[in-house]
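**Student:** Below is the file run-v7.cif, which contains mmCIF, C-alpha atoms and all ligand atoms.
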```
data_final
#
loop_
_atom_site.label_atom_id
_atom_site.label_comp_id
_atom_site.auth_asym_id
_atom_site.auth_seq_id
_atom_site.Cartn_x
_atom_site.Cartn_y
_atom_site.Cartn_z
CA MET A 1033 -6.51 -14.05 18.36
CA ASN A 1034 -6.73 -12.78 21.94
CA ASP A 1035 -3.14 -12.75 23.09
CA PRO A 1036 -0.51 -11.15 20.80
CA GLY A 1037 2.33 -12.60 22.91
CA ALA A 1038 1.04 -16.16 22.51
CA PHE A 1039 0.48 -15.55 18.79
CA VAL A 1040 4.09 -14.41 18.34
CA GLU A 1041 5.46 -17.48 20.15
CA GLU A 1042 3.35 -19.84 18.08
CA ALA A 1043 4.17 -18.04 14.79
CA VAL A 1044 7.91 -18.17 15.53
CA ARG A 1045 7.70 -21.89 16.31
CA ARG A 1046 5.81 -22.56 13.06
CA LEU A 1047 8.21 -20.51 10.97
CA ARG A 1048 11.13 -22.56 12.32
CA ASP A 1049 9.29 -25.73 11.28
CA GLU A 1050 8.27 -24.44 7.89
CA VAL A 1051 11.56 -22.86 6.80
CA PRO A 1052 14.46 -25.33 6.93
CA GLY A 1053 16.87 -23.15 4.92
CA ARG A 1054 16.99 -19.53 3.82
CA THR A 1055 14.04 -17.38 2.85
CA ILE A 1056 13.37 -13.92 1.58
CA VAL A 1057 10.54 -11.81 2.99
CA ALA A 1058 8.38 -9.51 0.87
CA ALA A 1059 8.53 -6.23 2.81
CA SER A 1060 6.64 -3.16 1.60
CA GLY A 1061 7.02 -1.11 4.78
CA GLY A 1062 3.30 -1.56 5.47
CA ILE A 1063 2.20 -2.93 8.80
CA ASP A 1064 1.35 -6.47 7.60
CA SER A 1065 4.61 -7.23 5.83
CA THR A 1066 6.62 -5.48 8.54
CA VAL A 1067 5.13 -7.79 11.17
CA ALA A 1068 5.81 -10.80 8.91
CA ALA A 1069 9.43 -9.66 8.45
CA LEU A 1070 9.96 -9.17 12.19
CA LEU A 1071 8.52 -12.61 12.96
CA ALA A 1072 10.75 -14.21 10.31
CA HIS A 1073 13.79 -12.40 11.67
CA ARG A 1074 12.96 -13.48 15.21
CA ALA A 1075 12.46 -17.10 14.10
CA LEU A 1076 15.28 -17.46 11.58
CA GLY A 1077 17.83 -14.70 12.25
CA ASP A 1078 20.10 -14.15 9.26
CA ARG A 1079 18.44 -16.97 7.33
CA ALA A 1080 15.66 -14.45 6.52
CA LYS A 1081 16.24 -11.32 4.45
CA ALA A 1082 13.62 -8.63 3.83
CA ILE A 1083 13.30 -7.45 0.22
CA PHE A 1084 11.88 -3.97 -0.26
CA VAL A 1085 10.96 -3.41 -3.91
CA ASP A 1086 11.06 0.16 -5.19
CA THR A 1087 8.26 -0.24 -7.73
CA GLY A 1088 8.26 3.39 -8.87
CA LEU A 1089 4.69 3.41 -7.47
CA LEU A 1090 5.61 4.50 -3.95
CA ARG A 1091 4.74 7.73 -2.19
CA ALA A 1092 7.16 10.65 -1.97
CA GLY A 1093 9.93 9.88 0.54
CA GLU A 1094 8.78 6.31 1.11
CA VAL A 1095 12.06 4.52 0.24
CA GLU A 1096 13.99 6.65 2.75
CA LEU A 1097 11.29 6.33 5.42
CA VAL A 1098 10.97 2.56 5.15
CA SER A 1099 14.75 2.01 4.93
CA GLY A 1100 15.26 4.09 8.07
CA PHE A 1101 12.61 2.14 9.88
CA PHE A 1102 14.06 -1.27 8.92
CA ARG A 1103 17.50 -0.08 10.02
CA ALA A 1104 16.13 1.01 13.40
CA SER A 1105 14.47 -2.42 13.79
CA HIS A 1106 17.79 -4.17 12.98
CA LEU A 1107 16.15 -6.03 10.09
CA PRO A 1108 18.50 -7.28 7.38
CA PHE A 1109 17.04 -5.88 4.14
CA THR A 1110 17.79 -4.97 0.53
CA VAL A 1111 16.13 -2.26 -1.55
CA VAL A 1112 15.63 -3.48 -5.12
CA PRO A 1113 15.17 -0.69 -7.69
CA ALA A 1114 12.59 -2.11 -10.12
CA ALA A 1115 10.61 0.88 -11.42
CA ASP A 1116 11.53 0.13 -15.05
CA ALA A 1117 10.10 -3.39 -14.86
CA PHE A 1118 6.85 -2.17 -13.27
CA PHE A 1119 6.30 0.69 -15.74
CA GLU A 1120 7.01 -1.63 -18.64
CA ALA A 1121 4.46 -4.15 -17.34
CA LEU A 1122 1.85 -1.43 -16.71
CA ASP A 1123 2.41 0.77 -19.74
CA GLY A 1124 -0.99 2.09 -20.87
CA VAL A 1125 -2.97 -0.50 -18.82
CA SER A 1126 -6.31 0.91 -17.56
CA ASP A 1127 -8.22 -2.11 -16.29
CA PRO A 1128 -7.83 -2.28 -12.49
CA GLU A 1129 -7.82 -6.07 -12.28
CA GLU A 1130 -5.26 -6.29 -15.08
CA LYS A 1131 -3.10 -3.74 -13.22
CA ARG A 1132 -3.22 -5.87 -10.07
CA ARG A 1133 -2.35 -9.08 -11.93
CA ARG A 1134 0.59 -7.48 -13.75
CA ILE A 1135 1.88 -5.94 -10.54
CA GLY A 1136 1.62 -9.31 -8.77
CA THR A 1137 3.56 -11.06 -11.54
CA THR A 1138 6.26 -8.39 -11.64
CA PHE A 1139 6.73 -8.60 -7.87
CA ILE A 1140 7.16 -12.37 -8.08
CA ARG A 1141 9.75 -12.15 -10.88
CA VAL A 1142 11.75 -9.71 -8.73
CA PHE A 1143 11.43 -12.00 -5.69
CA GLU A 1144 12.51 -15.08 -7.70
CA SER A 1145 15.63 -13.29 -8.82
CA GLU A 1146 16.39 -12.07 -5.26
CA ALA A 1147 15.77 -15.56 -3.80
CA ASP A 1148 18.27 -17.02 -6.28
CA LYS A 1149 20.87 -14.48 -5.17
CA PHE A 1150 20.19 -15.19 -1.47
CA GLY A 1151 20.12 -18.97 -1.93
CA GLY A 1152 16.54 -19.77 -0.86
CA ASP A 1153 13.36 -21.03 -2.47
CA GLN A 1154 10.76 -19.72 -0.03
CA LEU A 1155 8.94 -16.40 0.21
CA VAL A 1156 7.45 -15.13 3.46
CA GLN A 1157 4.70 -12.59 2.88
CA GLY A 1158 2.28 -10.72 5.12
CA THR A 1159 -0.98 -11.90 3.54
CA ILE A 1160 -3.88 -11.29 5.96
CA ALA A 1161 -7.38 -12.76 5.97
CA PRO A 1162 -9.18 -10.06 3.92
CA ASP A 1163 -6.55 -10.41 1.14
CA TRP A 1164 -7.48 -13.99 0.31
CA ILE A 1165 -11.16 -13.60 1.19
CA GLU A 1166 -11.54 -10.66 -1.24
CA SER A 1167 -9.44 -12.32 -3.93
CA GLY A 1168 -12.09 -15.03 -4.24
CA GLY A 1169 -11.60 -18.61 -5.35
CA SER A 1170 -13.64 -21.62 -6.32
CA LEU A 1171 -16.54 -20.84 -4.01
CA ARG A 1172 -16.08 -17.13 -3.51
CA ASP A 1173 -16.74 -14.12 -5.68
CA THR A 1174 -13.71 -11.95 -6.54
CA ILE A 1175 -14.14 -8.55 -4.88
CA LYS A 1176 -10.66 -7.49 -5.92
CA THR A 1177 -7.56 -9.44 -6.86
CA HIS A 1178 -4.96 -8.72 -4.19
CA HIS A 1179 -1.60 -8.68 -5.92
CA ASN A 1180 -0.18 -11.02 -3.24
CA VAL A 1181 -2.91 -13.64 -3.77
CA GLY A 1182 -4.74 -13.60 -7.11
CA GLY A 1183 -1.88 -11.74 -8.79
CA ILE A 1184 0.62 -14.55 -8.26
CA PRO A 1185 1.61 -16.31 -11.50
CA LYS A 1186 0.90 -20.05 -11.68
CA ASP A 1187 4.47 -20.90 -12.62
CA MET A 1188 6.01 -19.23 -9.53
CA ARG A 1189 9.16 -21.07 -8.38
CA LEU A 1190 8.95 -20.04 -4.71
CA THR A 1191 7.01 -21.68 -1.88
CA LEU A 1192 4.85 -19.23 0.05
CA VAL A 1193 4.94 -18.95 3.83
CA GLU A 1194 2.16 -16.78 5.28
CA PRO A 1195 2.29 -16.42 9.07
CA LEU A 1196 -0.55 -13.84 9.27
CA ARG A 1197 -3.07 -15.60 7.03
CA ASP A 1198 -5.74 -15.86 9.71
CA LEU A 1199 -5.49 -12.34 11.14
CA TYR A 1200 -7.49 -9.18 10.48
CA LYS A 1201 -5.98 -5.69 10.40
CA ASP A 1202 -6.77 -4.74 14.00
CA GLU A 1203 -5.20 -8.03 15.17
CA VAL A 1204 -2.05 -7.40 13.10
CA ARG A 1205 -1.82 -3.97 14.70
CA ALA A 1206 -2.04 -5.54 18.17
CA VAL A 1207 0.84 -7.88 17.24
CA ALA A 1208 2.77 -4.90 15.80
CA ARG A 1209 2.38 -2.98 19.06
CA HIS A 1210 3.50 -6.06 20.99
CA LEU A 1211 6.62 -6.28 18.79
CA GLY A 1212 7.35 -2.59 19.36
CA VAL A 1213 6.78 -1.50 15.74
CA PRO A 1214 6.90 2.30 15.78
CA ASP A 1215 3.79 4.04 14.50
CA SER A 1216 1.68 0.83 14.47
CA ASP A 1217 -1.44 2.86 13.74
CA ARG A 1218 -0.13 4.59 10.63
CA GLN A 1219 -2.41 4.70 7.63
CA PRO A 1220 -2.57 1.60 5.43
CA PHE A 1221 -1.10 1.86 1.93
CA PRO A 1222 -2.16 -0.69 -0.69
CA GLY A 1223 0.52 -3.10 -1.91
CA PRO A 1224 0.00 -2.15 -5.59
CA GLY A 1225 0.88 1.39 -4.53
CA LEU A 1226 -0.11 4.50 -6.44
CA ALA A 1227 -1.16 2.32 -9.41
CA VAL A 1228 -4.56 1.73 -7.78
CA ARG A 1229 -4.98 5.49 -7.32
CA VAL A 1230 -4.12 6.48 -10.87
CA SER A 1231 -7.49 5.86 -12.43
CA GLY A 1232 -7.19 5.14 -16.16
CA PRO A 1233 -3.98 4.44 -18.05
CA ILE A 1234 -0.71 4.24 -16.12
CA SER A 1235 2.29 6.27 -17.21
CA ARG A 1236 5.31 7.60 -15.36
CA GLU A 1237 3.98 11.16 -15.82
CA ARG A 1238 0.55 10.42 -14.35
CA VAL A 1239 2.07 8.55 -11.39
CA GLU A 1240 4.42 11.47 -10.71
CA ARG A 1241 1.49 13.92 -10.88
CA LEU A 1242 -0.39 11.86 -8.32
CA ARG A 1243 2.70 11.57 -6.11
CA VAL A 1244 2.92 15.36 -5.91
CA ALA A 1245 -0.80 15.75 -5.15
CA ASN A 1246 -0.73 12.95 -2.59
CA ALA A 1247 2.21 14.45 -0.70
CA ILE A 1248 0.25 17.70 -0.39
CA VAL A 1249 -2.82 15.90 0.99
CA GLU A 1250 -0.64 14.07 3.53
CA GLU A 1251 1.18 17.26 4.59
CA GLU A 1252 -1.97 19.33 4.99
CA VAL A 1253 -3.83 16.60 6.90
CA ASP A 1254 -0.82 16.01 9.18
CA ARG A 1255 -0.67 19.75 9.79
CA ALA A 1256 -4.42 19.94 10.53
CA VAL A 1257 -4.10 17.00 12.95
CA ALA A 1258 -1.16 18.66 14.73
CA ALA A 1259 -3.19 21.89 14.99
CA HIS A 1260 -6.16 19.92 16.45
CA GLU A 1261 -8.38 21.01 13.53
CA ILE A 1262 -9.27 17.35 12.87
CA ALA A 1263 -8.74 13.93 14.49
CA ARG A 1264 -6.23 11.62 12.77
CA PRO A 1265 -8.13 9.96 9.91
CA TRP A 1266 -7.85 6.25 9.07
CA GLN A 1267 -6.64 7.07 5.54
CA TYR A 1268 -6.05 10.25 3.57
CA PHE A 1269 -4.83 10.40 0.00
CA ALA A 1270 -5.27 11.75 -3.52
CA VAL A 1271 -6.65 9.96 -6.59
CA LEU A 1272 -5.92 11.03 -10.17
CA LEU A 1273 -9.07 10.81 -12.27
CA PRO A 1274 -9.30 9.76 -15.93
CA VAL A 1275 -11.05 12.92 -17.10
CA ARG A 1276 -10.03 15.98 -19.04
CA THR A 1277 -11.54 19.16 -17.67
CA VAL A 1278 -11.20 22.82 -18.46
CA GLY A 1279 -9.33 25.40 -16.40
CA VAL A 1280 -7.83 28.88 -16.71
CA LEU A 1281 -4.12 29.58 -16.73
CA GLY A 1282 -3.35 33.30 -16.95
CA ASP A 1283 -5.39 34.45 -19.97
CA ASN A 1284 -5.60 30.99 -21.47
CA ARG A 1285 -8.04 28.16 -21.32
CA VAL A 1286 -6.29 24.86 -20.55
CA HIS A 1287 -7.37 21.26 -20.44
CA GLY A 1288 -6.05 19.48 -17.39
CA GLU A 1289 -6.84 16.54 -15.17
CA ALA A 1290 -8.82 16.33 -11.93
CA VAL A 1291 -7.79 15.04 -8.51
CA SER A 1292 -10.16 13.64 -5.92
CA VAL A 1293 -9.22 13.88 -2.24
CA ARG A 1294 -10.26 10.97 0.00
CA ILE A 1295 -10.15 11.36 3.80
CA VAL A 1296 -11.95 8.66 5.77
CA GLU A 1297 -12.51 7.52 9.33
CA SER A 1298 -12.72 3.80 10.02
CA ILE A 1299 -12.04 1.07 12.58
CA ASP A 1300 -11.13 -1.84 10.34
CA ALA A 1301 -11.65 -0.64 6.72
CA MET A 1302 -14.71 -2.87 6.37
CA THR A 1303 -16.85 0.28 6.65
CA ALA A 1304 -15.72 3.91 6.54
CA THR A 1305 -17.08 7.43 6.86
CA ALA A 1306 -15.97 10.34 4.70
CA MET A 1307 -14.59 12.84 7.20
CA ALA A 1308 -16.27 16.22 7.62
CA VAL A 1309 -13.06 18.15 7.01
CA PRO A 1310 -13.22 21.91 7.73
CA ARG A 1311 -13.39 23.96 4.55
CA PRO A 1312 -10.13 25.90 5.17
CA VAL A 1313 -8.18 22.61 5.22
CA LEU A 1314 -9.74 21.53 1.92
CA SER A 1315 -9.11 24.96 0.40
CA ARG A 1316 -5.42 24.80 1.31
CA ILE A 1317 -5.17 21.36 -0.28
CA SER A 1318 -6.89 22.55 -3.45
CA GLU A 1319 -4.80 25.71 -3.75
CA ARG A 1320 -1.53 23.89 -3.23
CA ILE A 1321 -2.31 21.05 -5.68
CA THR A 1322 -3.42 23.34 -8.48
CA ARG A 1323 -0.39 25.58 -7.91
CA ALA A 1324 2.16 22.74 -7.74
CA LEU A 1325 0.64 21.08 -10.82
CA SER A 1326 -0.28 24.28 -12.63
CA GLY A 1327 -1.96 23.58 -15.96
CA GLN A 1328 -1.80 19.80 -15.35
CA VAL A 1329 -4.40 19.48 -12.59
CA VAL A 1330 -7.09 22.15 -12.83
CA ARG A 1331 -9.80 20.79 -10.53
CA VAL A 1332 -9.80 19.26 -7.03
CA LEU A 1333 -12.84 17.39 -5.70
CA TYR A 1334 -13.62 16.11 -2.21
CA ASP A 1335 -15.16 12.64 -2.05
CA VAL A 1336 -18.05 12.69 0.47
CA THR A 1337 -19.10 9.06 -0.04
CA ASP A 1338 -19.07 6.58 2.84
CA LYS A 1339 -18.20 2.86 2.57
CA PRO A 1340 -20.61 1.32 1.73
CA PRO A 1341 -21.75 2.17 -0.89
CA ALA A 1342 -18.27 3.23 -2.09
CA THR A 1343 -15.00 1.49 -1.20
CA ILE A 1344 -12.08 3.38 0.34
CA GLU A 1345 -9.84 3.11 -2.72
CA TRP A 1346 -11.31 4.30 -5.99
CA GLU A 1347 -10.67 1.38 -8.26
P1 LIG A 1401 -11.35 -0.83 -0.02
O1 LIG A 1401 -10.90 0.02 -1.16
O2 LIG A 1401 -11.79 -2.19 -0.47
O3 LIG A 1401 -10.08 -1.03 0.88
O4 LIG A 1401 -12.41 -0.18 0.82
C1 LIG A 1401 -10.07 -1.55 2.18
C2 LIG A 1401 -8.66 -1.38 2.73
O5 LIG A 1401 -7.73 -2.20 2.01
C3 LIG A 1401 -6.73 -1.38 1.38
N1 LIG A 1401 -6.52 -1.92 0.04
C4 LIG A 1401 -5.49 -2.70 -0.31
N2 LIG A 1401 -4.44 -3.12 0.39
N3 LIG A 1401 -3.64 -4.27 -1.52
C5 LIG A 1401 -3.51 -3.91 -0.24
O6 LIG A 1401 -2.49 -4.29 0.37
C6 LIG A 1401 -4.68 -3.89 -2.28
O7 LIG A 1401 -4.78 -4.25 -3.43
C7 LIG A 1401 -5.66 -3.05 -1.64
N4 LIG A 1401 -6.80 -2.49 -2.08
C8 LIG A 1401 -7.32 -1.80 -1.02
C9 LIG A 1401 -7.31 0.01 1.34
O8 LIG A 1401 -6.30 1.00 1.27
C10 LIG A 1401 -8.12 0.03 2.63
O9 LIG A 1401 -7.32 0.28 3.75
#
```
Could you write out this file's structure as structure tokens?
**Tutor:**
Amino acid sequence: MNDPGAFVEEAVRRLRDEVPGRTIVAASGGIDSTVAALLAHRALGDRAKAIFVDTGLLRAGEVELVSGFFRASHLPFTVVPAADAFFEALDGVSDPEEKRRRIGTTFIRVFESEADKFGGDQLVQGTIAPDWIESGGSLRDTIKTHHNVGGIPKDMRLTLVEPLRDLYKDEVRAVARHLGVPDSDRQPFPGPGLAVRVSGPISRERVERLRVANAIVEEEVDRAVAAHEIARPWQYFAVLLPVRTVGVLGDNRVHGEAVSVRIVESIDAMTATAMAVPRPVLSRISERITRALSGQVVRVLYDVTDKPPATIEWE
């Protein structure tokens, strides 16, 4: 794709052909689904409605942030509170692929119910090329099952419409800038949310612990960027590890969990470099996390591994 303007025109024309009636749009607030939602809105007007699912696996403040952004973009949307359904589906699940499949199925059940209410049988989603390439298939190895590809149940009642299927992330960002999406270069956030960053069994408590730690990483990195201590990284987040480790609380020995901090530079997420973050920034992050989660998280690690050999996300 060389010309975002021409891409938008062609995508709008195709969406009008492909969607004769009403459709819902899976909108997570991320750049891919936001572009898909804006294209659908441009092509279909009020015949398209964006559905933002509050999975209970979102970052601190995300529902408010995304809602505000959709409002500013004049996108018709509904926020569906569905945390109970997601936690029930994920209760105690540790296997990353199983997590992704269960998340994918739960999303689709929510979308089916919302499509019934809206009176449509199609689902527009912002699947991009790496999603289906990495999810594998008859000839390809599965690198990871993207919830919006391999996580879709076989008995789904909706027909998928995927206007961004052939694009890569940098191309989607070019289209986003063309469409005037604010903050088109913001950090990516995986569709399965904090579930892929809670290593080991999922529970509401462990997700909440990670949410607190993650907000601190984001705040401290944003502050360091504003103070010109570091350049804006590609992604920066916390991961909750499945280990028990010893710490000291007052005069007592406690067993808590450990958090790993991941801050990487990248162009397209295909490769990445662990950022050389100044020690004072890391110390602030560590102090704040262990204070905010006193006795629960007793150790903070910094991940210095590049991609390859590691991936950006932990699981
Ligand atoms: P990895 O971990 O493979 O990630 O180096 C590459 C990029 O993809 C994002 N990512 C995901 N995005 N659903 C998504 O929508 C997912 O399941 C998923 N897993 C990884 C990751 O954050 C990074 O930007």
**Student:** Could you give me, as CSV, a per-residue list for chain A showing, wherever an atom lies at most 10 Å from an atom of ligand LIG 1401 (chain A), the closest pair of atoms and their distance in Å to one decimal, using all atoms listed in the file and sorting by chain then residue number from low to high?
**Tutor:**
```
residue,atom,partner,partner_atom,distance
A:Ser1060,CA,A:LIG1401,O6,9.3
A:Gly1062,CA,A:LIG1401,O6,8.2
A:Ile1063,CA,A:LIG1401,O6,9.7
A:Asp1064,CA,A:LIG1401,O6,8.5
A:Ser1065,CA,A:LIG1401,O6,9.4
A:Pro1128,CA,A:LIG1401,O7,9.8
A:Glu1129,CA,A:LIG1401,O7,9.5
A:Lys1131,CA,A:LIG1401,O7,9.9
A:Arg1132,CA,A:LIG1401,O7,7.0
A:Ile1135,CA,A:LIG1401,O7,9.9
A:Gly1136,CA,A:LIG1401,O7,9.8
A:Gly1158,CA,A:LIG1401,O6,9.3
A:Thr1159,CA,A:LIG1401,O6,8.4
A:Ile1160,CA,A:LIG1401,O6,9.1
A:Pro1162,CA,A:LIG1401,O5,8.2
A:Asp1163,CA,A:LIG1401,N3,7.3
A:Glu1166,CA,A:LIG1401,O2,8.5
A:Ser1167,CA,A:LIG1401,O7,9.3
A:Ile1175,CA,A:LIG1401,O2,8.1
A:Lys1176,CA,A:LIG1401,O7,7.2
A:Thr1177,CA,A:LIG1401,O7,6.8
A:His1178,CA,A:LIG1401,O7,4.5
A:His1179,CA,A:LIG1401,O7,6.0
A:Asn1180,CA,A:LIG1401,N3,7.8
A:Val1181,CA,A:LIG1401,O7,9.6
A:Gly1183,CA,A:LIG1401,O7,9.7
A:Lys1201,CA,A:LIG1401,O9,9.0
A:Gln1219,CA,A:LIG1401,O9,7.7
A:Pro1220,CA,A:LIG1401,O9,5.2
A:Phe1221,CA,A:LIG1401,O8,5.3
A:Pro1222,CA,A:LIG1401,N2,3.5
A:Gly1223,CA,A:LIG1401,O6,4.0
A:Pro1224,CA,A:LIG1401,O7,5.7
A:Gly1225,CA,A:LIG1401,N3,7.8
A:Ala1227,CA,A:LIG1401,O7,9.6
A:Val1228,CA,A:LIG1401,O7,7.4
A:Arg1229,CA,A:LIG1401,N4,9.7
A:Trp1266,CA,A:LIG1401,O9,8.0
A:Gln1267,CA,A:LIG1401,O9,7.1
A:Tyr1268,CA,A:LIG1401,O8,9.5
A:Phe1269,CA,A:LIG1401,O8,9.6
A:Val1296,CA,A:LIG1401,O9,9.8
A:Ser1298,CA,A:LIG1401,O9,9.0
A:Asp1300,CA,A:LIG1401,O9,7.9
A:Ala1301,CA,A:LIG1401,C1,4.9
A:Met1302,CA,A:LIG1401,C1,6.4
A:Thr1303,CA,A:LIG1401,O4,7.3
A:Ala1304,CA,A:LIG1401,O4,7.8
A:Asp1338,CA,A:LIG1401,O4,9.7
A:Lys1339,CA,A:LIG1401,O4,6.8
A:Pro1340,CA,A:LIG1401,O4,8.4
A:Pro1341,CA,A:LIG1401,O4,9.8
A:Ala1342,CA,A:LIG1401,O4,7.4
A:Thr1343,CA,A:LIG1401,O4,3.7
A:Ile1344,CA,A:LIG1401,O4,3.6
A:Glu1345,CA,A:LIG1401,O1,3.6
A:Trp1346,CA,A:LIG1401,O1,6.5
A:Glu1347,CA,A:LIG1401,O1,7.2
```
**Student:** CA of Tyr1334 in chain A and CA of Ser1318 in chain A, how far apart in Å?
**Tutor:**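 Pair CA of Ser1318 in chain A / CA of Tyr1334 in chain A returns 9.4 Å.
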**Student:** Just how far from CA of Ile1184 in chain A is CA of Arg1172 in chain A, in Å to one decimal?
**Tutor:**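 Calculated distance between CA of Arg1172 in chain A and CA of Ile1184 in chain A is 17.6 Å.
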**Student:** Check the smallest atom-to-atom distance from each of A:Thr1322, A:Ser1315, A:Ser1231, A:Thr1110 to Ala1245 in chain A using all atoms listed in the file, then report the winner.
**Tutor:**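 Among A:Thr1322, A:Ser1315, A:Ser1231, A:Thr1110, it is A:Thr1322 that comes nearest to Ala1245 in chain A.
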**Student:** Please measure the separation of CA of Ala1121 in chain A and CA of Glu1237 in chain A, giving the value in Å to one decimal.
**Tutor:**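 Here the two named atoms are 15.4 Å from each other.
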**Student:** Residues within 9 Å of range 1206-1211 of chain A, please, as a PyMOL selection string. Count all atoms listed in the file; anything in the same chain fewer than 2 positions from it doesn't count.
**Tutor:** chain A and resi 1035-1037+1039-1040+1063-1064+1066-1067+1070-1071+1201-1204+1213-1217
**Student:** Could you tell me which of A:Ala1324, A:Arg1285, A:Glu1297, A:Leu1047 comes closest to Arg1241 in chain A if we count all atoms listed in the file?
**Tutor:** A:Ala1324
**Student:** Taking into account all atoms listed in the file, which residue in the set A:Arg1079, A:Arg1054, A:Arg1197, A:Arg1255 is nearest to Met1033 in chain A?
**Tutor:**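 Result for the nearest residue to Met1033 in chain A: A:Arg1197.
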**Student:** What's around Val1332 in chain A at 6 Å? Count only C-alpha atoms, leave out sequence neighbours fewer than 4 positions away in its own chain, and write the answer as a PDB file with C-alpha atoms, in the coordinates of the input.
**Tutor:**
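Result file follows (result_35.pdb):
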```
ATOM      1  CA  ALA A1290      -8.820  16.330 -11.930  1.00  0.00           C
ATOM      2  CA  VAL A1291      -7.790  15.040  -8.510  1.00  0.00           C
ATOM      3  CA  SER A1292     -10.160  13.640  -5.920  1.00  0.00           C
ATOM      4  CA  SER A1318      -6.890  22.550  -3.450  1.00  0.00           C
TER       5      SER A1318
END
```
**Student:** Check the smallest atom-to-atom distance from each of A:Glu1194, A:Glu1250, A:Glu1261, A:Glu1289 to Ala1069 in chain A using all atoms listed in the file, then report the winner.
**Tutor:**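 Looking only at the distances to Ala1069 in chain A, the closest residue turns out to be A:Glu1194.
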**Student:** Could you check which residues have any atom within 10 Å of (-5.4, 4.0, -14.1), counting all atoms listed in the file with coordinates taken straight from the file, and then list them as a list in words?
**Tutor:**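 Every polymer residue passing the test: Leu1122, Gly1124, Val1125, Ser1126, Asp1127, Pro1128, Lys1131, Leu1226, Ala1227, Val1228, Arg1229, Val1230, Ser1231, Gly1232, Pro1233, Ile1234, Ser1235, Arg1238, Val1239, Val1271, Leu1272, Leu1273, Pro1274 and Glu1347 of chain A.
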**Student:** Give me a file of those residues, with C-alpha atoms, as a CSV table (one decimal), in the frame of the given file.
**Tutor:**
```
chain,number,residue,atom,x,y,z
A,1122,LEU,CA,1.8,-1.4,-16.7
A,1124,GLY,CA,-1.0,2.1,-20.9
A,1125,VAL,CA,-3.0,-0.5,-18.8
A,1126,SER,CA,-6.3,0.9,-17.6
A,1127,ASP,CA,-8.2,-2.1,-16.3
A,1128,PRO,CA,-7.8,-2.3,-12.5
A,1131,LYS,CA,-3.1,-3.7,-13.2
A,1226,LEU,CA,-0.1,4.5,-6.4
A,1227,ALA,CA,-1.2,2.3,-9.4
A,1228,VAL,CA,-4.6,1.7,-7.8
A,1229,ARG,CA,-5.0,5.5,-7.3
A,1230,VAL,CA,-4.1,6.5,-10.9
A,1231,SER,CA,-7.5,5.9,-12.4
A,1232,GLY,CA,-7.2,5.1,-16.2
A,1233,PRO,CA,-4.0,4.4,-18.0
A,1234,ILE,CA,-0.7,4.2,-16.1
A,1235,SER,CA,2.3,6.3,-17.2
A,1238,ARG,CA,0.6,10.4,-14.4
A,1239,VAL,CA,2.1,8.6,-11.4
A,1271,VAL,CA,-6.6,10.0,-6.6
A,1272,LEU,CA,-5.9,11.0,-10.2
A,1273,LEU,CA,-9.1,10.8,-12.3
A,1274,PRO,CA,-9.3,9.8,-15.9
A,1347,GLU,CA,-10.7,1.4,-8.3
```
**Student:** Tell me which of A:Arg1091, A:Arg1048, A:Arg1103, A:Arg1236 sits closest to Ala1117 in chain A, counting only C-alpha atoms.
**Tutor:**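 When distances to Ala1117 in chain A are compared using only C-alpha atoms, the smallest one comes from A:Arg1236.
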**Student:** Using all atoms listed in the file for the distances, tell me which of A:Ile1056, A:Gly1088, A:Arg1133, A:Pro1195 is nearest to Glu1041 in chain A.
**Tutor:**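 Looking at the shortest contact to Glu1041 in chain A, the residue is A:Pro1195.
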